[in-house]
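Peer 1: So that we are looking at the same thing, I have put the structure below in structure tokens.
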Amino acid sequence: MASRASHSGSVVGTGLGTVLGGRVSMALMPEAIVDLLPENATQAALGPTQVILHSAVDAPGPTNLARWFGRESVKVESHFWVAFQRKPGQNIITQMMDTNVKADANYRANATAISIETEDDGDPDNTPWTPAQIQAIAYILVWAHTTHAIPLELCTSPTSPGIGWHSMWGAPSDWTPVRGKTCPGWARINQVVSVVNTARQLAGMGPIKPREQPMPTPTPTPRTWKGVQQVLNSHGANPQLVTDGDPGPKTATAVIGVITYQTDVINNLGRQLEDANRTARDAQQAAAQWQRWGNEQLKQLELVQQALKGQEPDEDSLAAKDLRAALHRLMG
Ligand SMILES: [Zn+2]
């Protein structure tokens with residue numbers, strides 16, 4: 001079970017902590033609820049240079065992550081927990097590990113990273129961090145920046161100092177051995193830059209430069225024959241295939257059917273494109289003809305206007321009648 005510890009007078013402002021009476025002093029965030037895990041007393045020392053953001057995929061409803069991490073059977077832990085704010089004014093930041101002590105959440109980056117777990121009620125891909133969570137994470141980042149000199153910038157490699165998210169380098173990668181991991185979920189990965197910029201604003205810094213905003217690395221989904229059979233079925237394979245992941249002659253026939261169909265569609269689109277191009281060419285030629293004809297008409301009109309200019313034609317004069325007749329012909 002996690003034990004609640006007092007943190008009065010134990011906060012230090014140095015990266016590696018200082019040895020005081022044989023003990024390394026603790027780095028605890030004054031604003032956080034401190035609920036230290038038993039591992040805090042047993043894990044190795046840490047000199048953090050990175051902060052890595054996670055999402056917990058916890059059950060719906062309020063979650064006490066410290067209690068879960070504190071179980072004997074759970075061998076992982078993170079330094080911070082940022083919950084949903086379920087009551088106005090509720091403190092949603094819990095610190096479970098001293099940031100001068102390693103926490104096991106980031107695979108090879110455990111030797112360099114502070115980890116922040118965040119509540120999502122089970123669906124991080126579609127549950128963005130709330131404004132309160134963004135603010136809370138930003139406060140932690142600013143504290144990590146002033147306490148451990150961690151730059152408020154995105155990491156540019158798995159070992160470079162800065163801020164990152166768990167699946168930043170793909171999965172598996174140096175930060176996770178788990179294939180296909182998307183932690184902290186697509187909705188939240190899209191918010192990382194604005195979280196870092198919120199922290200920078202709190203620290204009186206301008207937003208990160210565009211070149212420091214790498215695109216998230218999508219993790220390719222492994223292709224299986226079962227998946228192929230499902231895709232073929234959704235493309236109207238007739239008869240529908242048994243999705244047993246074991247390709248036989250029916251799967252092969254369905255593949256050929258889909259390819260033939262797609263080829264037909266592409267050829268048909270090609271023909272339509274040719275037709276459209278021909279129509280466009282014809283329309284352009286017609287437009288050019290109309291333009292030429294319009295220009296000639298304008299030229300003639302100018303000539304008539306010049307002829308009329310400066311004349312005070314006698315209403316009954318022959319010249320005035322001729323000009324009027326010419327005008328009528330042209331406008332007619
Ligand atoms: Zn994670």
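Residue numbers start at 1 in each chain; chains themselves are named A, B, ... in the order of the structure tokens; ligands are numbered from 1 in the order shown.
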Step by step, measure atom-to-atom distances between ligand 1 and each residue using only C-alpha atoms and all ligand atoms, keep those at most 9 Å, then write them as a list in words.

Peer 2: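 Taking only C-alpha atoms and all ligand atoms into account, the residues around ligand 1 at most 9 Å away are Ile52, Leu53, His54, Ser55, Ala56, Ala105, Asn106, Ser115, Ile116, Glu117, Trp165, His166, Ser167, Trp175, Thr176, Lys181, Thr182, Cys183 and Pro184 of chain A.
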
Peer 1: Any chance you can output those residues with C-alpha atoms as an mmCIF file, in the first residue's frame?

Peer 2:
```cif
data_model
loop_
_atom_site.group_PDB
_atom_site.id
_atom_site.type_symbol
_atom_site.label_atom_id
_atom_site.label_comp_id
_atom_site.auth_asym_id
_atom_site.auth_seq_id
_atom_site.Cartn_x
_atom_site.Cartn_y
_atom_site.Cartn_z
ATOM 1 C CA ILE A 52 7.438 11.556 -20.756
ATOM 2 C CA LEU A 53 3.637 11.839 -20.943
ATOM 3 C CA HIS A 54 1.363 8.807 -20.588
ATOM 4 C CA SER A 55 -2.307 7.930 -20.434
ATOM 5 C CA ALA A 56 -3.459 5.315 -17.940
ATOM 6 C CA ALA A 105 7.298 3.397 -16.992
ATOM 7 C CA ASN A 106 9.519 4.274 -19.933
ATOM 8 C CA SER A 115 6.847 10.042 -16.066
ATOM 9 C CA ILE A 116 3.402 11.614 -15.855
ATOM 10 C CA GLU A 117 0.382 9.294 -15.984
ATOM 11 C CA TRP A 165 5.166 11.203 -25.201
ATOM 12 C CA HIS A 166 5.410 7.446 -24.618
ATOM 13 C CA SER A 167 5.002 6.285 -28.260
ATOM 14 C CA TRP A 175 10.771 4.102 -24.779
ATOM 15 C CA THR A 176 8.497 1.027 -24.919
ATOM 16 C CA LYS A 181 1.458 0.997 -28.254
ATOM 17 C CA THR A 182 -0.055 4.429 -28.989
ATOM 18 C CA CYS A 183 0.175 5.859 -25.439
ATOM 19 C CA PRO A 184 -0.971 8.551 -24.587
#
```

Peer 1: Name the residues of range 92-312 of chain A that fall into alpha helix (DSSP H) according to DSSP on the backbone, using the chain letters and numbers of this document, as an MDAnalysis selection string.

Peer 2: chainID A and resid 131:148 186:189 192:202 225:234 249:308

Peer 1: Write out the residues from the selection above, keeping C-alpha atoms, as a tab-separated table (two decimals), in the first residue's frame.

Peer 2:
```
chain	number	residue	atom	x	y	z
A	131	PRO	CA	-8.20	22.13	-19.83
A	132	ALA	CA	-7.58	21.40	-16.10
A	133	GLN	CA	-5.33	18.45	-17.00
A	134	ILE	CA	-3.39	20.55	-19.56
A	135	GLN	CA	-2.87	23.23	-16.91
A	136	ALA	CA	-1.78	20.63	-14.33
A	137	ILE	CA	0.67	18.93	-16.71
A	138	ALA	CA	2.04	22.36	-17.67
A	139	TYR	CA	2.60	23.18	-13.94
A	140	ILE	CA	4.52	19.90	-13.51
A	141	LEU	CA	6.62	20.67	-16.62
A	142	VAL	CA	7.48	24.14	-15.30
A	143	TRP	CA	8.38	22.65	-11.90
A	144	ALA	CA	10.58	20.02	-13.64
A	145	HIS	CA	12.15	22.83	-15.67
A	146	THR	CA	13.07	24.89	-12.58
A	147	THR	CA	13.95	21.88	-10.36
A	148	HIS	CA	15.86	19.71	-12.82
A	186	TRP	CA	-4.09	10.01	-30.61
A	187	ALA	CA	-6.36	12.67	-29.09
A	188	ARG	CA	-3.68	13.46	-26.50
A	189	ILE	CA	-0.64	13.15	-28.81
A	192	VAL	CA	1.36	17.66	-26.69
A	193	VAL	CA	2.59	20.79	-28.50
A	194	SER	CA	-0.09	22.95	-26.87
A	195	VAL	CA	0.72	21.42	-23.45
A	196	VAL	CA	4.40	22.34	-23.91
A	197	ASN	CA	3.40	25.82	-25.12
A	198	THR	CA	1.12	26.28	-22.06
A	199	ALA	CA	4.12	25.44	-19.86
A	200	ARG	CA	6.34	27.84	-21.82
A	201	GLN	CA	3.75	30.58	-21.38
A	202	LEU	CA	3.70	29.95	-17.59
A	225	TRP	CA	-4.66	-12.85	-43.35
A	226	LYS	CA	-7.64	-12.54	-41.01
A	227	GLY	CA	-7.56	-8.75	-41.55
A	228	VAL	CA	-7.26	-9.24	-45.32
A	229	GLN	CA	-10.28	-11.59	-45.28
A	230	GLN	CA	-12.29	-9.01	-43.29
A	231	VAL	CA	-11.35	-6.29	-45.80
A	232	LEU	CA	-12.33	-8.58	-48.70
A	233	ASN	CA	-15.70	-9.26	-47.03
A	234	SER	CA	-16.30	-5.54	-46.56
A	249	PRO	CA	-8.70	-20.83	-53.00
A	250	LYS	CA	-11.78	-18.76	-52.00
A	251	THR	CA	-9.60	-16.02	-50.51
A	252	ALA	CA	-7.43	-16.06	-53.65
A	253	THR	CA	-10.55	-15.80	-55.88
A	254	ALA	CA	-11.84	-12.90	-53.75
A	255	VAL	CA	-8.47	-11.11	-54.04
A	256	ILE	CA	-8.55	-11.49	-57.85
A	257	GLY	CA	-12.20	-10.32	-57.83
A	258	VAL	CA	-11.34	-7.18	-55.89
A	259	ILE	CA	-8.31	-6.45	-58.10
A	260	THR	CA	-10.42	-6.95	-61.28
A	261	TYR	CA	-13.15	-4.72	-59.90
A	262	GLN	CA	-10.69	-2.02	-58.86
A	263	THR	CA	-8.99	-2.20	-62.28
A	264	ASP	CA	-12.39	-1.72	-63.96
A	265	VAL	CA	-13.12	1.24	-61.70
A	266	ILE	CA	-9.73	2.81	-62.49
A	267	ASN	CA	-10.16	2.25	-66.26
A	268	ASN	CA	-13.64	3.71	-66.11
A	269	LEU	CA	-12.41	6.74	-64.22
A	270	GLY	CA	-9.66	7.13	-66.84
A	271	ARG	CA	-12.27	7.20	-69.64
A	272	GLN	CA	-14.39	9.73	-67.73
A	273	LEU	CA	-11.31	11.87	-67.21
A	274	GLU	CA	-10.56	11.77	-70.97
A	275	ASP	CA	-14.15	12.78	-71.74
A	276	ALA	CA	-14.00	15.60	-69.23
A	277	ASN	CA	-10.69	16.80	-70.71
A	278	ARG	CA	-12.18	16.76	-74.23
A	279	THR	CA	-15.24	18.71	-73.04
A	280	ALA	CA	-12.97	21.18	-71.28
A	281	ARG	CA	-10.87	21.63	-74.45
A	282	ASP	CA	-14.02	22.21	-76.56
A	283	ALA	CA	-15.34	24.70	-74.04
A	284	GLN	CA	-12.00	26.52	-74.03
A	285	GLN	CA	-12.00	26.77	-77.84
A	286	ALA	CA	-15.59	28.06	-77.83
A	287	ALA	CA	-14.72	30.57	-75.12
A	288	ALA	CA	-11.73	31.78	-77.17
A	289	GLN	CA	-13.98	32.26	-80.23
A	290	TRP	CA	-16.52	34.21	-78.21
A	291	GLN	CA	-13.70	36.33	-76.82
A	292	ARG	CA	-12.37	37.14	-80.31
A	293	TRP	CA	-15.86	37.99	-81.56
A	294	GLY	CA	-16.51	40.19	-78.50
A	295	ASN	CA	-13.23	42.06	-79.07
A	296	GLU	CA	-14.14	42.76	-82.71
A	297	GLN	CA	-17.52	44.09	-81.62
A	298	LEU	CA	-15.86	46.38	-79.08
A	299	LYS	CA	-13.46	47.69	-81.76
A	300	GLN	CA	-16.37	48.49	-84.07
A	301	LEU	CA	-18.25	50.21	-81.26
A	302	GLU	CA	-15.19	52.37	-80.51
A	303	LEU	CA	-14.99	53.41	-84.16
A	304	VAL	CA	-18.65	54.42	-84.08
A	305	GLN	CA	-18.17	56.34	-80.84
A	306	GLN	CA	-15.17	58.16	-82.36
A	307	ALA	CA	-17.23	58.99	-85.42
A	308	LEU	CA	-20.00	60.36	-83.21
```

Peer 1: Please indicate the distance in Å from CA of Gln43 in chain A to CA of Met97 in chain A, rounded to one decimal place.

Peer 2: 9.7 Å

Peer 1: Write out as a PyMOL selection string which residues come within 10 Å of Asn64 in chain A when counting only C-alpha atoms, dropping same-chain ones fewer than 3 positions away.

Peer 2: chain A and resi 58+61+67-69+81+83+94+119
